[in-house]
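One structure is given below, encoded as structure tokens.
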Amino acid sequence: MAFTEPVLLKRIPQDPSKRKVFWYDDYVATGGYSALKKATTMTGDDITKVVTDSGLRGRGGAGFSTGQKWAFIPKERKGPHYLAVNADESEPGTFKDRYLIDYDPHQLLEGIAITAIATQCDIAYIYIRGEYHRQAKVLERAIAEAYAHEIFGRQGIFGSNTKLECYVHRGAGAYICGEETGLLESLEGKRGWPRNKPPFPAIAGAFGRPTVINNVETLCCVPHLIERGPAWFKTMGTPKSAGPKLYGMSGHVNRPGVYEDELGITLQYSIENLAGGMKGGKYKAAICGGISMGVLGPNELEVKLDFDDVRFRGGCLGLGTAGMIVLNEHTNMVAALRNCVRFYAHESCGQCTHCREGSAWMHKILSRILDGGGRASDLDMLLELEKTQGIMPGTTICGFADGTAWATRTFINKFYEEFAALCPEEPRVQLTIRRGTQNVAVPMGSNTR
Amino acid sequence: MAWPAEDRRATAVPKDGEPPLLTDEMKKELTEKYFPRYPTRRAVLLPALHMLQHHHGWIPMRALAEVGEFLGISPAEVLDTASFYEEYWLKPKGKYLIQVCRSLACEIYGSKRVTEQIKKKLNVECGETTRDGKFTLVELECLGSCGTAPAMLINDVLFEDLTPQKINQVLDGLPEDAHKFRDPTVDWQ
């Protein structure tokens, strides 16, 4: 295990004042597009094999093997194949893709071109969220440069047989479009409602054709892999989670920002060494990979941040995007959960009942608890609601509701005392209502009719 | 986002005989630039709606019907898509749309105080537009600047690491014509 120099952030210094956008000339001058030149001499299967051997796992949250995903694309071509780049980064706590696009757009474009050779894609759509105005403009200019330098366009990538078109497709402010099939629906000009699977996107994706969907950071890893090989890649990280990873550190830390290190560093290390230590108080909790993955508690500073340890030892859903919100001892965990659940209640696409209604109920219950109307049965109700949500109990189409469930579950289980203190047997706040001619005291939140 | 619940019948649809909202120039740009990108016409819907919103500030009902006609889909399907996305405004908004991030990282850095300050300064509530039609204030979920919280987005431009002084400075410094308001870090256009 050794992480010696920045890989993905090679061209993005930590000091914000020294950062600048690397356009085509600067990118090539710093060794850019040499991996793509190498890839044009390789066959698609060779590239896929390199990626599979490296053990690269998707950086968008699910951690699925990228090489395997590419191998699902049918070899036989009966029509166009598409590549959808997921730049719909809307998970609270996650802001790594933004940095990559902001300062080093060509790294992404090079990854896209190599992926297209491996999977025989004809068109790449970069689905970028609507709020990323600057990033969309950066990409537009970078793509125009790439067309001018014969990377994209009809002449084929550097004159080779693979012809690739690349376009930016702007979303319009819907978190659910980051779910891969929701993204495809949105790309087709419909509401971003996730589809039932199967068929999987590798068989019938965008416009009914085989489609590869990869996260920005995953694709940015690809050029480095081709250039330096799977063995180099595996020197970083843990056996099952290889490679470098961007950690988005935010919350109560001294130096919030995006940091690069290998997979499998401990939470303690990431707070102390990357983010410069805690701010305003001692460590209490950390959301480890965007709020959907749940929260790590006070005793879990030694948990390794890789795709498996967070799940098995940390009790979270997974590493997610490694966008970490670190919370100090003065944080009100009930209010923090309310904020998370409000996000889900607001962003639920409304297709599945358990998710749409469940998240809204949870938000209402948590708001009432914070207003002083908590009851002992509320916690049971919240835990019951979260058990019915998601693809794991099998009640929803996509994994969005699992995010709601895991956030709620881990917050309540790991900070039970804090929640229980606000949920006594007898509600603290009583409302006085007039029933007939008498004034009656009723618990807040009960049916007052 | 849940189902739209407001009363659509109350939306005023401009009368016939007025110039089209989806102008010939827009149609030309859509035809030349966007149709070749996608295998279906419907896929151009999102870019078309973005374009309409950019020109008119919001998307009136009549524009939805015109887009449907242009793309060969029913107005109901256009509304179905347009109403799903938060960024499309189907009712008028101010020249400057102020969107304050309210997600967890921003909340612990005081996004509520940011909203309160803007509310007080502009004398509006969240979701409201000032009387002169210059500002609309809303809160939204994560803007992707958790490391530089709190943050707000004014039209196309992101402002990070907000302080009370910075908010005042930004709001006071906005030009009268919203189209002249550009992102200073986008220096190549």
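Identifiers in this document derive from the order of the structure tokens: chains are assigned A, B, ..., residues are numbered from 1 separately in each chain, and ligands are numbered from 1 in order of occurrence.
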Per-residue nearest contacts chain A to chain B, cut-off 6 Å, using only C-alpha atoms, as a Markdown table:
```
| residue | atom | partner | partner_atom | distance |
| --- | --- | --- | --- | --- |
| A:Pro92 | CA | B:Cys142 | CA | 5.2 |
| A:Gly93 | CA | B:Cys146 | CA | 5.7 |
| A:Phe95 | CA | B:Gly144 | CA | 4.8 |
| A:His133 | CA | B:Asp156 | CA | 5.7 |
| A:Ala172 | CA | B:Glu87 | CA | 5.0 |
| A:Gly173 | CA | B:Glu86 | CA | 5.2 |
| A:Ala174 | CA | B:Tyr85 | CA | 5.8 |
| A:Glu188 | CA | B:Ala43 | CA | 4.3 |
| A:Gly189 | CA | B:Ala43 | CA | 4.2 |
| A:Lys190 | CA | B:Thr81 | CA | 5.2 |
| A:Arg191 | CA | B:Thr81 | CA | 4.7 |
| A:Ser250 | CA | B:Gly147 | CA | 4.8 |
| A:Gly251 | CA | B:Ala105 | CA | 5.4 |
| A:Pro256 | CA | B:Gly147 | CA | 4.8 |
| A:Gly257 | CA | B:Gly147 | CA | 4.8 |
| A:His346 | CA | B:Met1 | CA | 5.3 |
| A:Glu347 | CA | B:Met1 | CA | 4.7 |
| A:Ser348 | CA | B:Met1 | CA | 5.3 |
| A:Cys349 | CA | B:Met1 | CA | 5.0 |
| A:Gly350 | CA | B:Ala2 | CA | 5.0 |
```
Keeping only C-alpha atoms, write the selected residues to a file as a short mmCIF file (atom, residue, chain, number, x, y, z; two decimals), in the first residue's frame.
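Listed below is the output, result19.cif:
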```cif
data_model
loop_
_atom_site.label_atom_id
_atom_site.label_comp_id
_atom_site.auth_asym_id
_atom_site.auth_seq_id
_atom_site.Cartn_x
_atom_site.Cartn_y
_atom_site.Cartn_z
CA PRO A 92 -25.16 16.34 -0.11
CA GLY A 93 -21.52 16.10 0.92
CA PHE A 95 -18.34 17.76 -4.62
CA HIS A 133 -23.44 26.27 -15.00
CA ALA A 172 -32.60 20.61 -14.69
CA GLY A 173 -32.39 20.20 -10.96
CA ALA A 174 -33.55 16.71 -10.08
CA GLU A 188 -34.59 10.92 -23.60
CA GLY A 189 -36.51 14.07 -22.68
CA LYS A 190 -38.87 12.55 -20.13
CA ARG A 191 -39.32 12.95 -16.39
CA SER A 250 -16.62 19.10 4.69
CA GLY A 251 -18.36 20.02 7.91
CA PRO A 256 -12.53 21.44 4.11
CA GLY A 257 -11.94 20.52 0.48
CA HIS A 346 -38.06 16.85 -1.37
CA GLU A 347 -36.18 14.86 -3.98
CA SER A 348 -38.23 11.65 -4.07
CA CYS A 349 -39.44 11.29 -7.65
CA GLY A 350 -42.87 10.18 -6.47
#
```
How close does stretch 373-420 of chain A get to stretch 316-337 of chain A? List, as a Markdown table, each residue of stretch 373-420 of chain A within 8 Å, its nearest atom pair and the distance in Å to one decimal, counting only C-alpha atoms.
```
| residue | atom | partner | partner_atom | distance |
| --- | --- | --- | --- | --- |
| A:Gly403 | CA | A:Leu317 | CA | 7.9 |
| A:Trp406 | CA | A:Leu317 | CA | 6.5 |
| A:Ala407 | CA | A:Leu337 | CA | 7.4 |
| A:Thr408 | CA | A:Leu337 | CA | 6.9 |
| A:Thr410 | CA | A:Cys316 | CA | 7.1 |
| A:Phe411 | CA | A:Leu337 | CA | 6.8 |
| A:Phe415 | CA | A:Met333 | CA | 7.4 |
| A:Glu418 | CA | A:Met333 | CA | 7.3 |
| A:Phe419 | CA | A:Val334 | CA | 6.4 |
```
Create the file for the chosen residues now, containing N, CA and C atoms and written as a PDB file, in the first residue's frame.
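Writing done, so here's selection_11.pdb:
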```pdb
ATOM      1  N   GLY A 403     -31.302   4.875   0.613  1.00  0.00           N
ATOM      2  CA  GLY A 403     -30.557   5.978   1.204  1.00  0.00           C
ATOM      3  C   GLY A 403     -31.295   6.578   2.386  1.00  0.00           C
ATOM      4  N   TRP A 406     -31.136   3.983   5.276  1.00  0.00           N
ATOM      5  CA  TRP A 406     -29.863   3.810   5.975  1.00  0.00           C
ATOM      6  C   TRP A 406     -29.498   5.045   6.768  1.00  0.00           C
ATOM      7  N   ALA A 407     -29.802   6.220   6.241  1.00  0.00           N
ATOM      8  CA  ALA A 407     -29.526   7.428   7.009  1.00  0.00           C
ATOM      9  C   ALA A 407     -30.304   7.381   8.322  1.00  0.00           C
ATOM     10  N   THR A 408     -31.596   7.093   8.230  1.00  0.00           N
ATOM     11  CA  THR A 408     -32.437   7.072   9.425  1.00  0.00           C
ATOM     12  C   THR A 408     -31.988   5.998  10.406  1.00  0.00           C
ATOM     13  N   THR A 410     -29.057   4.381  10.758  1.00  0.00           N
ATOM     14  CA  THR A 410     -27.776   4.565  11.440  1.00  0.00           C
ATOM     15  C   THR A 410     -27.831   5.741  12.410  1.00  0.00           C
ATOM     16  N   PHE A 411     -28.502   6.810  12.040  1.00  0.00           N
ATOM     17  CA  PHE A 411     -28.602   7.954  12.957  1.00  0.00           C
ATOM     18  C   PHE A 411     -29.294   7.534  14.251  1.00  0.00           C
ATOM     19  N   PHE A 415     -27.179   6.934  17.776  1.00  0.00           N
ATOM     20  CA  PHE A 415     -27.354   8.062  18.709  1.00  0.00           C
ATOM     21  C   PHE A 415     -28.713   7.958  19.389  1.00  0.00           C
ATOM     22  N   GLU A 418     -29.779  10.307  22.314  1.00  0.00           N
ATOM     23  CA  GLU A 418     -30.104  11.681  21.924  1.00  0.00           C
ATOM     24  C   GLU A 418     -31.530  11.792  21.378  1.00  0.00           C
ATOM     25  N   PHE A 419     -31.910  10.792  20.606  1.00  0.00           N
ATOM     26  CA  PHE A 419     -33.278  10.784  20.083  1.00  0.00           C
ATOM     27  C   PHE A 419     -34.276  10.498  21.201  1.00  0.00           C
TER      28      PHE A 419
END
```
Atomic separation - atom CA of B:Val100 relative to atom CA of B:Leu52, Å
23.6 Å
Just list as an mmCIF file with N, CA and C atoms, in the first residue's frame whatever in stretch 84-146 of chain B DSSP marks as alpha helix (DSSP H).
```cif
data_model
loop_
_atom_site.group_PDB
_atom_site.id
_atom_site.type_symbol
_atom_site.label_atom_id
_atom_site.label_comp_id
_atom_site.auth_asym_id
_atom_site.auth_seq_id
_atom_site.Cartn_x
_atom_site.Cartn_y
_atom_site.Cartn_z
ATOM 1 N N LEU B 104 -27.064 19.680 4.493
ATOM 2 C CA LEU B 104 -26.450 19.522 5.813
ATOM 3 C C LEU B 104 -25.161 20.326 5.995
ATOM 4 N N ALA B 105 -24.239 20.217 5.033
ATOM 5 C CA ALA B 105 -22.954 20.905 5.213
ATOM 6 C C ALA B 105 -23.156 22.414 5.282
ATOM 7 N N CYS B 106 -24.077 22.927 4.481
ATOM 8 C CA CYS B 106 -24.337 24.366 4.519
ATOM 9 C C CYS B 106 -25.109 24.738 5.778
ATOM 10 N N GLU B 107 -26.003 23.853 6.211
ATOM 11 C CA GLU B 107 -26.806 24.186 7.399
ATOM 12 C C GLU B 107 -25.921 24.331 8.625
ATOM 13 N N ILE B 108 -24.916 23.446 8.774
ATOM 14 C CA ILE B 108 -24.087 23.578 9.968
ATOM 15 C C ILE B 108 -23.150 24.773 9.876
ATOM 16 N N SER B 111 -26.571 28.236 6.913
ATOM 17 C CA SER B 111 -27.346 28.645 5.744
ATOM 18 C C SER B 111 -28.649 29.319 6.150
ATOM 19 N N LYS B 112 -29.150 28.966 7.362
ATOM 20 C CA LYS B 112 -30.388 29.610 7.815
ATOM 21 C C LYS B 112 -30.177 31.105 8.008
ATOM 22 N N ARG B 113 -28.996 31.452 8.535
ATOM 23 C CA ARG B 113 -28.695 32.876 8.740
ATOM 24 C C ARG B 113 -28.591 33.598 7.397
ATOM 25 N N VAL B 114 -28.044 32.902 6.404
ATOM 26 C CA VAL B 114 -27.941 33.501 5.073
ATOM 27 C C VAL B 114 -29.332 33.822 4.548
ATOM 28 N N THR B 115 -30.223 32.822 4.644
ATOM 29 C CA THR B 115 -31.580 33.035 4.147
ATOM 30 C C THR B 115 -32.262 34.168 4.904
ATOM 31 N N GLU B 116 -32.100 34.169 6.235
ATOM 32 C CA GLU B 116 -32.745 35.215 7.040
ATOM 33 C C GLU B 116 -32.266 36.598 6.617
ATOM 34 N N GLN B 117 -30.964 36.698 6.407
ATOM 35 C CA GLN B 117 -30.416 38.005 6.037
ATOM 36 C C GLN B 117 -30.979 38.482 4.697
ATOM 37 N N ILE B 118 -31.059 37.570 3.740
ATOM 38 C CA ILE B 118 -31.578 37.970 2.421
ATOM 39 C C ILE B 118 -33.069 38.289 2.516
ATOM 40 N N LYS B 119 -33.781 37.480 3.311
ATOM 41 C CA LYS B 119 -35.214 37.743 3.498
ATOM 42 C C LYS B 119 -35.429 39.159 4.014
ATOM 43 N N LYS B 120 -34.643 39.508 5.044
ATOM 44 C CA LYS B 120 -34.789 40.816 5.673
ATOM 45 C C LYS B 120 -34.404 41.925 4.707
ATOM 46 N N LYS B 121 -33.322 41.697 4.004
ATOM 47 C CA LYS B 121 -32.809 42.734 3.102
ATOM 48 C C LYS B 121 -33.779 43.010 1.957
ATOM 49 N N LEU B 122 -34.357 41.945 1.408
ATOM 50 C CA LEU B 122 -35.231 42.122 0.247
ATOM 51 C C LEU B 122 -36.697 42.209 0.641
#
```
For stretch 10-14 of chain A, work out the shell of residues within 10 Å, counting only C-alpha atoms and skipping chain neighbours fewer than 6 positions away, then give it as a PDB file with C-alpha atoms, in the first residue's frame.
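Saved as selection38.pdb:
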```pdb
ATOM      1  CA  LYS A  20      -6.254  27.119 -13.154  1.00  0.00           C
ATOM      2  CA  VAL A  21      -8.134  25.359 -15.904  1.00  0.00           C
ATOM      3  CA  PHE A  22      -5.935  23.059 -17.964  1.00  0.00           C
ATOM      4  CA  ASP A  26      -1.587  22.786 -21.090  1.00  0.00           C
ATOM      5  CA  TYR A  27      -3.044  19.323 -20.814  1.00  0.00           C
ATOM      6  CA  THR A  30       1.703  17.805 -18.978  1.00  0.00           C
ATOM      7  CA  TYR A  99     -13.309  19.851  -9.064  1.00  0.00           C
ATOM      8  CA  LEU A 100     -12.327  17.394 -11.759  1.00  0.00           C
ATOM      9  CA  ASP A 102     -13.645  22.641 -13.161  1.00  0.00           C
ATOM     10  CA  TYR A 103      -9.885  22.412 -13.568  1.00  0.00           C
ATOM     11  CA  ASP A 104      -9.061  19.335 -15.602  1.00  0.00           C
ATOM     12  CA  GLN A 107      -8.739  14.234 -18.200  1.00  0.00           C
ATOM     13  CA  GLY A 257     -11.936  20.520   0.478  1.00  0.00           C
ATOM     14  CA  VAL A 258     -11.268  17.677  -1.932  1.00  0.00           C
ATOM     15  CA  TYR A 259      -8.265  15.514  -1.084  1.00  0.00           C
ATOM     16  CA  GLU A 260      -6.809  12.557  -2.857  1.00  0.00           C
TER      17      GLU A 260
END
```
Name the residues of chain B that fall into strand (DSSP E or B) according to DSSP on the backbone, using the chain letters and numbers of this document, as a list in words.
Tyr96, Leu97, Ile98, Gln99, Val100, Cys101, Thr129, Phe135, Thr136, Leu137, Val138, Glu139, Leu140, Met152, Leu153, Ile154, Val157, Leu158 and Phe159 of chain B
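You will find atom CA of A:Leu56 at 25.1 Å from atom CA of A:Val168.
In this model, the gap between atom CA of B:Ile59 and atom CA of A:Ala360 comes to 28.4 Å.
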Find the residues near stretch 22-26 of chain B: any atom within 7 Å, counting only C-alpha atoms, skip ones fewer than 2 places away on the same chain, and give them as a PDB file with N, CA and C atoms, in the first residue's frame.
```
ATOM      1  N   PRO B  20     -44.800  34.237 -31.659  1.00  0.00           N
ATOM      2  CA  PRO B  20     -44.498  32.969 -30.978  1.00  0.00           C
ATOM      3  C   PRO B  20     -43.379  33.130 -29.961  1.00  0.00           C
ATOM      4  N   LYS B  28     -34.236  27.327 -35.335  1.00  0.00           N
ATOM      5  CA  LYS B  28     -33.081  27.080 -36.198  1.00  0.00           C
ATOM      6  C   LYS B  28     -31.933  26.488 -35.382  1.00  0.00           C
ATOM      7  N   GLU B  29     -31.696  27.090 -34.220  1.00  0.00           N
ATOM      8  CA  GLU B  29     -30.597  26.587 -33.393  1.00  0.00           C
ATOM      9  C   GLU B  29     -30.867  25.153 -32.956  1.00  0.00           C
ATOM     10  N   LEU B  30     -32.114  24.891 -32.562  1.00  0.00           N
ATOM     11  CA  LEU B  30     -32.456  23.531 -32.135  1.00  0.00           C
ATOM     12  C   LEU B  30     -32.273  22.546 -33.274  1.00  0.00           C
ATOM     13  N   LEU B  52     -35.781  28.295 -23.782  1.00  0.00           N
ATOM     14  CA  LEU B  52     -36.940  29.159 -23.546  1.00  0.00           C
ATOM     15  C   LEU B  52     -36.791  29.906 -22.226  1.00  0.00           C
ATOM     16  N   ALA B  63     -45.739  28.549 -24.442  1.00  0.00           N
ATOM     17  CA  ALA B  63     -44.439  28.081 -24.944  1.00  0.00           C
ATOM     18  C   ALA B  63     -44.369  26.562 -24.889  1.00  0.00           C
ATOM     19  N   GLU B  66     -46.113  25.296 -27.825  1.00  0.00           N
ATOM     20  CA  GLU B  66     -45.327  25.512 -29.048  1.00  0.00           C
ATOM     21  C   GLU B  66     -44.187  24.500 -29.170  1.00  0.00           C
ATOM     22  N   VAL B  67     -43.539  24.217 -28.039  1.00  0.00           N
ATOM     23  CA  VAL B  67     -42.463  23.230 -28.062  1.00  0.00           C
ATOM     24  C   VAL B  67     -43.011  21.858 -28.451  1.00  0.00           C
TER      25      VAL B  67
END
```
Residues at most 8 Å from A:Ala242, counting only C-alpha atoms, excluding those fewer than 4 positions away in the same chain, as a PDB file with C-alpha atoms, in the first residue's frame?
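Result written to result_14.pdb:
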```
ATOM      1  CA  SER A  54      -6.914  -3.402 -12.055  1.00  0.00           C
ATOM      2  CA  GLY A  55      -9.961  -3.971  -9.858  1.00  0.00           C
ATOM      3  CA  LEU A  56     -11.286  -0.475 -10.574  1.00  0.00           C
ATOM      4  CA  ARG A  57     -14.664  -0.095  -8.922  1.00  0.00           C
ATOM      5  CA  PHE A 233      -3.012   0.684  -9.790  1.00  0.00           C
ATOM      6  CA  LYS A 234      -3.135  -2.181  -7.326  1.00  0.00           C
ATOM      7  CA  THR A 235      -0.219  -0.844  -5.306  1.00  0.00           C
ATOM      8  CA  MET A 236      -2.729   1.620  -3.906  1.00  0.00           C
ATOM      9  CA  GLY A 237      -5.675   0.774  -1.750  1.00  0.00           C
ATOM     10  CA  THR A 238      -6.749  -2.546  -0.296  1.00  0.00           C
ATOM     11  CA  GLU A 262      -5.613   5.756  -1.610  1.00  0.00           C
ATOM     12  CA  LEU A 263      -8.701   3.756  -0.715  1.00  0.00           C
TER      13      LEU A 263
END
```
